[in-house]
Amino acid sequence: MKLHEYISKDIFAKYGVPVPKGEIAATPEEAGKIAKKLGGRVVVKAQVLVGGRGKAGGVKLAADPQEAVEAAKAILGMDIKGLTVSKVLIAPAVEIATEIYLGITNDRTARQPVIIASAAGGVDIEEVAKTNPEKIIRVHVNPLLGVQDYNIRDLAIGIELDRRLWDSFHTITKGLWEAYHNSDATLAEINPLVIDDKGQLLGIDGKMVIDDSALYRHPDFEELRDLSAEEPAEIEARQSDLTYIKLDGEIGCMVNGAGLAMATMDIIKLFGGEPANFLDIGGGANAEKVAAALRIILSDPNVKAVLFNIFGGITRGDEVAKGILEAMDTLKPTVPMVIRLVGTNAAEGRALLAEANMITAETLAEAAQKAVEAAKGSK
């Protein structure tokens, strides 16, 4: 789950990271009032869960409250990469001398968190990694010990930070680690962390991504979720306790088990097709859950065929078949459907589906080939 900038910065501030104190406005009038309260020059920043706001015109400076009103008028309602701006952050403008990148994320290869710092802050860190990899400093952190003083010194030395700022950098890095660790985040990022005209470090932008699997420990975060930035199908999947990720292919996949789902996607590609989604209905899926999954798959207009690959263990084949028939009766799908059903109560399930005009297969390879052929035939 992605958090907006203003929420991320509020969390950082709780852990001692210095950030400009701003407020959120949903109307130009509110923006003007906040700018008047803050006094002086302010920055008006679109709050959308995508990067590139500045390049799209979603970040503007305002010298006084009236300019803040005009800036908010220009930004509110703006479309930035498919997302509509519904609120803006009004914060004191900062005179920037130097920009630094500082972030923490998961390094799955090393099986440890990694702190990343770069003197080339304020731009896409991915682009810096491609063009100037020597400017990226990485320090791995033992998750049981947490970030150590020597880790922070290594980062400061690596980005050639002025020694007079080491104490402040230590506080900020420690605070960022605590925010990342205590929030069960997969990313906590300050970009840029700036040295202002007074020679002080200040985090003027923030980003956090929370691990969805840990949200049960943070019910307060769930209330902060911005549904406007999510696919409607993914919202419905979460509400139905399904694991669903939309892709760009034409063959919808319904599978029970994450590993089996990945194998199904791989074999579809092997035979020349492209999966339209990752969807794991999980163990013990009942008819209602299967019907919800099929509705989600068929809501994608790119889907030209659907492949069911169900291995009956905890999940019963007859329950899956009932769910498929229930969904077909409601949705009246026009795309061909291929099913491979084996395991617990598979025979009963196949008997239920015998009259449903579905394409059946004994093996996964056969099912994938038939799905690819069916998708090509329905184009």
# chains A, B, ... in the order shown; residues from 1 in each chain; ligands from 1
>>> closest_atom_pairs(of="region 272-321 of chain A", to="region 221-238 of chain A", cutoff="9 Å", atoms="only C-alpha atoms", output="JSON lines")
{"residue": "A:Leu279", "atom": "CA", "partner": "A:Ala237", "partner_atom": "CA", "distance": 9.0}
{"residue": "A:Ala292", "atom": "CA", "partner": "A:Ala237", "partner_atom": "CA", "distance": 7.8}
{"residue": "A:Ala293", "atom": "CA", "partner": "A:Ala237", "partner_atom": "CA", "distance": 7.2}
{"residue": "A:Arg295", "atom": "CA", "partner": "A:Ala233", "partner_atom": "CA", "distance": 8.9}
{"residue": "A:Ile296", "atom": "CA", "partner": "A:Ala233", "partner_atom": "CA", "distance": 5.6}
{"residue": "A:Ile297", "atom": "CA", "partner": "A:Ala233", "partner_atom": "CA", "distance": 8.1}
{"residue": "A:Ser299", "atom": "CA", "partner": "A:Ala233", "partner_atom": "CA", "distance": 7.4}
{"residue": "A:Asp300", "atom": "CA", "partner": "A:Ala233", "partner_atom": "CA", "distance": 8.3}
>>> write_last_selection(atoms="all heavy atoms", output="short mmCIF file (atom, residue, chain, number, x, y, z; two decimals), in the first residue's frame")
data_model
loop_
_atom_site.label_atom_id
_atom_site.label_comp_id
_atom_site.auth_asym_id
_atom_site.auth_seq_id
_atom_site.Cartn_x
_atom_site.Cartn_y
_atom_site.Cartn_z
N LEU A 279 -3.70 -14.58 -10.50
CA LEU A 279 -4.82 -14.69 -9.57
C LEU A 279 -4.74 -16.01 -8.83
O LEU A 279 -4.79 -17.08 -9.44
CB LEU A 279 -6.17 -14.57 -10.29
CG LEU A 279 -7.36 -14.34 -9.35
CD1 LEU A 279 -8.48 -13.56 -10.05
CD2 LEU A 279 -7.94 -15.63 -8.79
N ALA A 292 -16.46 -14.80 -7.61
CA ALA A 292 -15.89 -13.45 -7.52
C ALA A 292 -14.62 -13.35 -8.36
O ALA A 292 -14.39 -12.35 -9.05
CB ALA A 292 -15.60 -13.10 -6.07
N ALA A 293 -13.80 -14.39 -8.31
CA ALA A 293 -12.56 -14.40 -9.08
C ALA A 293 -12.83 -14.33 -10.58
O ALA A 293 -12.16 -13.60 -11.32
CB ALA A 293 -11.74 -15.64 -8.74
N ARG A 295 -15.51 -13.11 -12.03
CA ARG A 295 -16.02 -11.77 -12.35
C ARG A 295 -14.87 -10.79 -12.54
O ARG A 295 -14.89 -9.95 -13.45
CB ARG A 295 -16.94 -11.28 -11.22
CG ARG A 295 -18.34 -11.82 -11.25
CD ARG A 295 -19.28 -10.99 -10.38
NE ARG A 295 -18.81 -10.89 -8.99
CZ ARG A 295 -19.11 -11.76 -8.05
NH1 ARG A 295 -19.87 -12.82 -8.34
NH2 ARG A 295 -18.67 -11.60 -6.82
N ILE A 296 -13.87 -10.89 -11.67
CA ILE A 296 -12.72 -9.98 -11.75
C ILE A 296 -11.95 -10.21 -13.04
O ILE A 296 -11.56 -9.26 -13.73
CB ILE A 296 -11.82 -10.17 -10.52
CG1 ILE A 296 -12.54 -9.67 -9.26
CG2 ILE A 296 -10.48 -9.46 -10.69
CD1 ILE A 296 -11.88 -10.10 -7.96
N ILE A 297 -11.72 -11.47 -13.39
CA ILE A 297 -10.98 -11.79 -14.61
C ILE A 297 -11.71 -11.26 -15.84
O ILE A 297 -11.12 -10.63 -16.72
CB ILE A 297 -10.77 -13.31 -14.73
CG1 ILE A 297 -9.79 -13.80 -13.66
CG2 ILE A 297 -10.25 -13.67 -16.13
CD1 ILE A 297 -9.66 -15.31 -13.60
N SER A 299 -13.74 -8.86 -16.06
CA SER A 299 -13.89 -7.40 -16.10
C SER A 299 -12.79 -6.75 -16.93
O SER A 299 -12.87 -5.58 -17.29
CB SER A 299 -13.87 -6.82 -14.68
OG SER A 299 -12.57 -6.94 -14.09
N ASP A 300 -11.74 -7.51 -17.24
CA ASP A 300 -10.64 -7.01 -18.06
C ASP A 300 -11.01 -7.18 -19.54
O ASP A 300 -11.15 -8.31 -20.02
CB ASP A 300 -9.36 -7.80 -17.74
CG ASP A 300 -8.16 -7.32 -18.52
OD1 ASP A 300 -8.31 -6.45 -19.41
OD2 ASP A 300 -7.04 -7.81 -18.24
#
>>> closest_atom_pairs(of="region 176-291 of chain A", to="region 122-126 of chain A", cutoff="12 Å", atoms="only C-alpha atoms", output="JSON lines")
{"residue": "A:Glu189", "atom": "CA", "partner": "A:Ile125", "partner_atom": "CA", "distance": 10.6}
{"residue": "A:Ile190", "atom": "CA", "partner": "A:Gly122", "partner_atom": "CA", "distance": 9.2}
{"residue": "A:Asn191", "atom": "CA", "partner": "A:Gly122", "partner_atom": "CA", "distance": 5.5}
{"residue": "A:Pro192", "atom": "CA", "partner": "A:Gly122", "partner_atom": "CA", "distance": 4.7}
{"residue": "A:Leu193", "atom": "CA", "partner": "A:Gly122", "partner_atom": "CA", "distance": 8.0}
{"residue": "A:Val194", "atom": "CA", "partner": "A:Gly122", "partner_atom": "CA", "distance": 8.7}
{"residue": "A:Ile195", "atom": "CA", "partner": "A:Gly122", "partner_atom": "CA", "distance": 11.9}
{"residue": "A:Gly203", "atom": "CA", "partner": "A:Gly122", "partner_atom": "CA", "distance": 11.0}
{"residue": "A:Ile204", "atom": "CA", "partner": "A:Gly122", "partner_atom": "CA", "distance": 10.0}
{"residue": "A:Asp205", "atom": "CA", "partner": "A:Gly122", "partner_atom": "CA", "distance": 9.2}
{"residue": "A:Gly206", "atom": "CA", "partner": "A:Gly122", "partner_atom": "CA", "distance": 11.3}
>>> write_last_selection(atoms="all heavy atoms", output="mmCIF file, in the first residue's frame")
data_model
loop_
_atom_site.group_PDB
_atom_site.id
_atom_site.type_symbol
_atom_site.label_atom_id
_atom_site.label_comp_id
_atom_site.auth_asym_id
_atom_site.auth_seq_id
_atom_site.Cartn_x
_atom_site.Cartn_y
_atom_site.Cartn_z
ATOM 1 N N GLU A 189 11.514 6.424 1.790
ATOM 2 C CA GLU A 189 12.406 7.178 0.920
ATOM 3 C C GLU A 189 12.262 8.681 1.147
ATOM 4 O O GLU A 189 11.148 9.198 1.270
ATOM 5 C CB GLU A 189 12.070 6.834 -0.533
ATOM 6 C CG GLU A 189 12.807 7.611 -1.594
ATOM 7 C CD GLU A 189 12.329 7.246 -2.986
ATOM 8 O OE1 GLU A 189 12.782 6.220 -3.509
ATOM 9 O OE2 GLU A 189 11.474 7.972 -3.542
ATOM 10 N N ILE A 190 13.414 9.363 1.213
ATOM 11 C CA ILE A 190 13.445 10.828 1.223
ATOM 12 C C ILE A 190 14.191 11.259 -0.036
ATOM 13 O O ILE A 190 15.382 11.001 -0.169
ATOM 14 C CB ILE A 190 14.171 11.384 2.461
ATOM 15 C CG1 ILE A 190 13.553 10.852 3.756
ATOM 16 C CG2 ILE A 190 14.131 12.910 2.454
ATOM 17 C CD1 ILE A 190 14.336 11.229 5.007
ATOM 18 N N ASN A 191 13.461 11.903 -0.943
ATOM 19 C CA ASN A 191 14.096 12.337 -2.192
ATOM 20 C C ASN A 191 13.417 13.610 -2.707
ATOM 21 O O ASN A 191 12.323 13.554 -3.273
ATOM 22 C CB ASN A 191 14.013 11.249 -3.250
ATOM 23 C CG ASN A 191 14.802 11.613 -4.494
ATOM 24 O OD1 ASN A 191 15.791 12.331 -4.420
ATOM 25 N ND2 ASN A 191 14.360 11.125 -5.639
ATOM 26 N N PRO A 192 14.038 14.775 -2.427
ATOM 27 C CA PRO A 192 15.392 14.878 -1.906
ATOM 28 C C PRO A 192 15.453 15.165 -0.408
ATOM 29 O O PRO A 192 14.543 15.771 0.162
ATOM 30 C CB PRO A 192 15.949 16.070 -2.677
ATOM 31 C CG PRO A 192 14.749 16.965 -2.859
ATOM 32 C CD PRO A 192 13.568 16.031 -3.035
ATOM 33 N N LEU A 193 16.554 14.722 0.178
ATOM 34 C CA LEU A 193 17.007 15.202 1.477
ATOM 35 C C LEU A 193 17.952 16.351 1.150
ATOM 36 O O LEU A 193 18.972 16.126 0.502
ATOM 37 C CB LEU A 193 17.730 14.084 2.227
ATOM 38 C CG LEU A 193 18.449 14.471 3.521
ATOM 39 C CD1 LEU A 193 17.456 14.900 4.588
ATOM 40 C CD2 LEU A 193 19.297 13.300 4.032
ATOM 41 N N VAL A 194 17.606 17.560 1.550
ATOM 42 C CA VAL A 194 18.371 18.713 1.070
ATOM 43 C C VAL A 194 19.220 19.347 2.163
ATOM 44 O O VAL A 194 18.916 19.223 3.358
ATOM 45 C CB VAL A 194 17.439 19.793 0.468
ATOM 46 C CG1 VAL A 194 16.542 19.200 -0.605
ATOM 47 C CG2 VAL A 194 16.611 20.482 1.549
ATOM 48 N N ILE A 195 20.274 19.993 1.720
ATOM 49 C CA ILE A 195 20.999 20.939 2.570
ATOM 50 C C ILE A 195 20.478 22.308 2.169
ATOM 51 O O ILE A 195 20.598 22.709 1.009
ATOM 52 C CB ILE A 195 22.521 20.851 2.346
ATOM 53 C CG1 ILE A 195 23.012 19.421 2.607
ATOM 54 C CG2 ILE A 195 23.249 21.841 3.259
ATOM 55 C CD1 ILE A 195 24.483 19.206 2.276
ATOM 56 N N GLY A 203 14.252 17.019 5.092
ATOM 57 C CA GLY A 203 13.571 16.112 4.164
ATOM 58 C C GLY A 203 12.364 16.804 3.556
ATOM 59 O O GLY A 203 11.356 16.988 4.239
ATOM 60 N N ILE A 204 12.451 17.201 2.294
ATOM 61 C CA ILE A 204 11.345 17.972 1.711
ATOM 62 C C ILE A 204 10.397 17.128 0.871
ATOM 63 O O ILE A 204 9.414 17.638 0.355
ATOM 64 C CB ILE A 204 11.861 19.176 0.898
ATOM 65 C CG1 ILE A 204 12.651 18.732 -0.322
ATOM 66 C CG2 ILE A 204 12.698 20.093 1.774
ATOM 67 C CD1 ILE A 204 12.974 19.876 -1.272
ATOM 68 N N ASP A 205 10.678 15.857 0.714
ATOM 69 C CA ASP A 205 9.728 14.961 0.047
ATOM 70 C C ASP A 205 9.849 13.592 0.697
ATOM 71 O O ASP A 205 10.932 13.226 1.200
ATOM 72 C CB ASP A 205 10.016 14.862 -1.448
ATOM 73 C CG ASP A 205 8.810 14.360 -2.233
ATOM 74 O OD1 ASP A 205 7.820 13.949 -1.590
ATOM 75 O OD2 ASP A 205 8.849 14.369 -3.476
ATOM 76 N N GLY A 206 8.775 12.848 0.723
ATOM 77 C CA GLY A 206 8.797 11.536 1.367
ATOM 78 C C GLY A 206 7.890 10.551 0.673
ATOM 79 O O GLY A 206 6.886 10.932 0.042
#
>>> residues_around(residues="region 109-117 of chain A", least_positions_apart="3", cutoff="6 Å", atoms="only C-alpha atoms", output="VMD selection string")
chain A and resid 101 to 106 137 to 141
>>> closest_residue(among="A:Thr360, A:Leu38, A:Arg164, A:Phe169", to="Asn151 (chain A)", atoms="only C-alpha atoms")
A:Phe169
>>> select_by_dssp(residues="region 89-212 of chain A", states="strand (DSSP E)", output="VMD selection string")
chain A and resid 89 to 92 96 to 107 112 to 118 136 to 140 185 to 196 201 to 203 207 to 210
>>> residues_around(residues="Glu326 (chain A)", least_positions_apart="6", cutoff="12 Å", atoms="only C-alpha atoms", output="VMD selection string")
chain A and resid 286 to 295 319 to 320 332 to 333 352 to 353 356
>>> write_last_selection(atoms="C-alpha atoms", output="PDB file, in the first residue's frame")
ATOM      1  CA  ASN A 286     -15.664 -21.916  -1.995  1.00  0.00           C
ATOM      2  CA  ALA A 287     -18.114 -21.350  -4.822  1.00  0.00           C
ATOM      3  CA  GLU A 288     -18.704 -17.707  -3.888  1.00  0.00           C
ATOM      4  CA  LYS A 289     -14.980 -16.948  -3.947  1.00  0.00           C
ATOM      5  CA  VAL A 290     -14.502 -18.670  -7.306  1.00  0.00           C
ATOM      6  CA  ALA A 291     -17.415 -16.710  -8.768  1.00  0.00           C
ATOM      7  CA  ALA A 292     -15.892 -13.450  -7.523  1.00  0.00           C
ATOM      8  CA  ALA A 293     -12.555 -14.397  -9.082  1.00  0.00           C
ATOM      9  CA  LEU A 294     -14.140 -15.079 -12.467  1.00  0.00           C
ATOM     10  CA  ARG A 295     -16.022 -11.771 -12.350  1.00  0.00           C
ATOM     11  CA  GLU A 319     -16.796 -26.338  -5.097  1.00  0.00           C
ATOM     12  CA  VAL A 320     -14.664 -24.780  -7.807  1.00  0.00           C
ATOM     13  CA  LYS A 332     -22.862 -14.930 -19.534  1.00  0.00           C
ATOM     14  CA  PRO A 333     -19.227 -14.865 -20.699  1.00  0.00           C
ATOM     15  CA  LEU A 352     -20.821 -30.688 -13.031  1.00  0.00           C
ATOM     16  CA  LEU A 353     -18.976 -28.950 -15.859  1.00  0.00           C
ATOM     17  CA  ALA A 356     -21.216 -26.217 -19.549  1.00  0.00           C
TER      18      ALA A 356
END
>>> atom_distance(atom1="CA of Thr84 (chain A)", atom2="CA of Val128 (chain A)")
28.4 Å
>>> closest_residue(among="A:Asp266, A:Glu70, A:Asp196, A:Glu274", to="Val19 (chain A)", atoms="only C-alpha atoms")
A:Asp196
>>> residues_around(residues="Ala365 (chain A)", least_positions_apart="4", cutoff="9 Å", atoms="only C-alpha atoms", output="VMD selection string")
chain A and resid 264 267 to 268 271 361 369 to 370
>>> residues_around(residues="Ala214 (chain A)", least_positions_apart="2", cutoff="9 Å", atoms="only C-alpha atoms", output="PDB file with N, CA, C and O atoms, in the first residue's frame")
ATOM      1  N   SER A 183       6.868   0.380  10.767  1.00  0.00           N
ATOM      2  CA  SER A 183       5.666   0.446   9.928  1.00  0.00           C
ATOM      3  C   SER A 183       5.516  -0.771   9.026  1.00  0.00           C
ATOM      4  O   SER A 183       4.560  -0.842   8.252  1.00  0.00           O
ATOM      5  N   ASP A 184       6.461  -1.723   9.100  1.00  0.00           N
ATOM      6  CA  ASP A 184       6.458  -2.879   8.190  1.00  0.00           C
ATOM      7  C   ASP A 184       6.436  -2.408   6.746  1.00  0.00           C
ATOM      8  O   ASP A 184       5.666  -2.891   5.908  1.00  0.00           O
ATOM      9  N   ALA A 185       7.299  -1.448   6.442  1.00  0.00           N
ATOM     10  CA  ALA A 185       7.355  -0.894   5.093  1.00  0.00           C
ATOM     11  C   ALA A 185       8.248  -1.741   4.194  1.00  0.00           C
ATOM     12  O   ALA A 185       9.140  -2.455   4.666  1.00  0.00           O
ATOM     13  N   ILE A 210       3.837   0.317   2.248  1.00  0.00           N
ATOM     14  CA  ILE A 210       3.634  -0.609   3.356  1.00  0.00           C
ATOM     15  C   ILE A 210       3.333  -2.000   2.812  1.00  0.00           C
ATOM     16  O   ILE A 210       2.596  -2.162   1.844  1.00  0.00           O
ATOM     17  N   ASP A 211       3.907  -3.009   3.457  1.00  0.00           N
ATOM     18  CA  ASP A 211       3.667  -4.399   3.072  1.00  0.00           C
ATOM     19  C   ASP A 211       2.205  -4.756   3.362  1.00  0.00           C
ATOM     20  O   ASP A 211       1.767  -4.732   4.521  1.00  0.00           O
ATOM     21  N   ASP A 212       1.443  -5.073   2.318  1.00  0.00           N
ATOM     22  CA  ASP A 212       0.034  -5.419   2.506  1.00  0.00           C
ATOM     23  C   ASP A 212      -0.153  -6.578   3.468  1.00  0.00           C
ATOM     24  O   ASP A 212      -1.155  -6.640   4.199  1.00  0.00           O
ATOM     25  N   TYR A 216      -2.529  -6.071   8.911  1.00  0.00           N
ATOM     26  CA  TYR A 216      -3.325  -6.472  10.076  1.00  0.00           C
ATOM     27  C   TYR A 216      -2.714  -5.935  11.370  1.00  0.00           C
ATOM     28  O   TYR A 216      -3.400  -5.798  12.393  1.00  0.00           O
ATOM     29  N   ARG A 217      -1.422  -5.611  11.318  1.00  0.00           N
ATOM     30  CA  ARG A 217      -0.767  -5.034  12.504  1.00  0.00           C
ATOM     31  C   ARG A 217      -0.910  -3.512  12.541  1.00  0.00           C
ATOM     32  O   ARG A 217      -0.545  -2.886  13.539  1.00  0.00           O
ATOM     33  N   HIS A 218      -1.421  -2.944  11.450  1.00  0.00           N
ATOM     34  CA  HIS A 218      -1.531  -1.486  11.356  1.00  0.00           C
ATOM     35  C   HIS A 218      -2.915  -1.093  10.834  1.00  0.00           C
ATOM     36  O   HIS A 218      -3.037  -0.553   9.728  1.00  0.00           O
TER      37      HIS A 218
END
>>> select_by_dssp(residues="region 34-219 of chain A", states="alpha helix (DSSP H)", output="count of residues only")
51
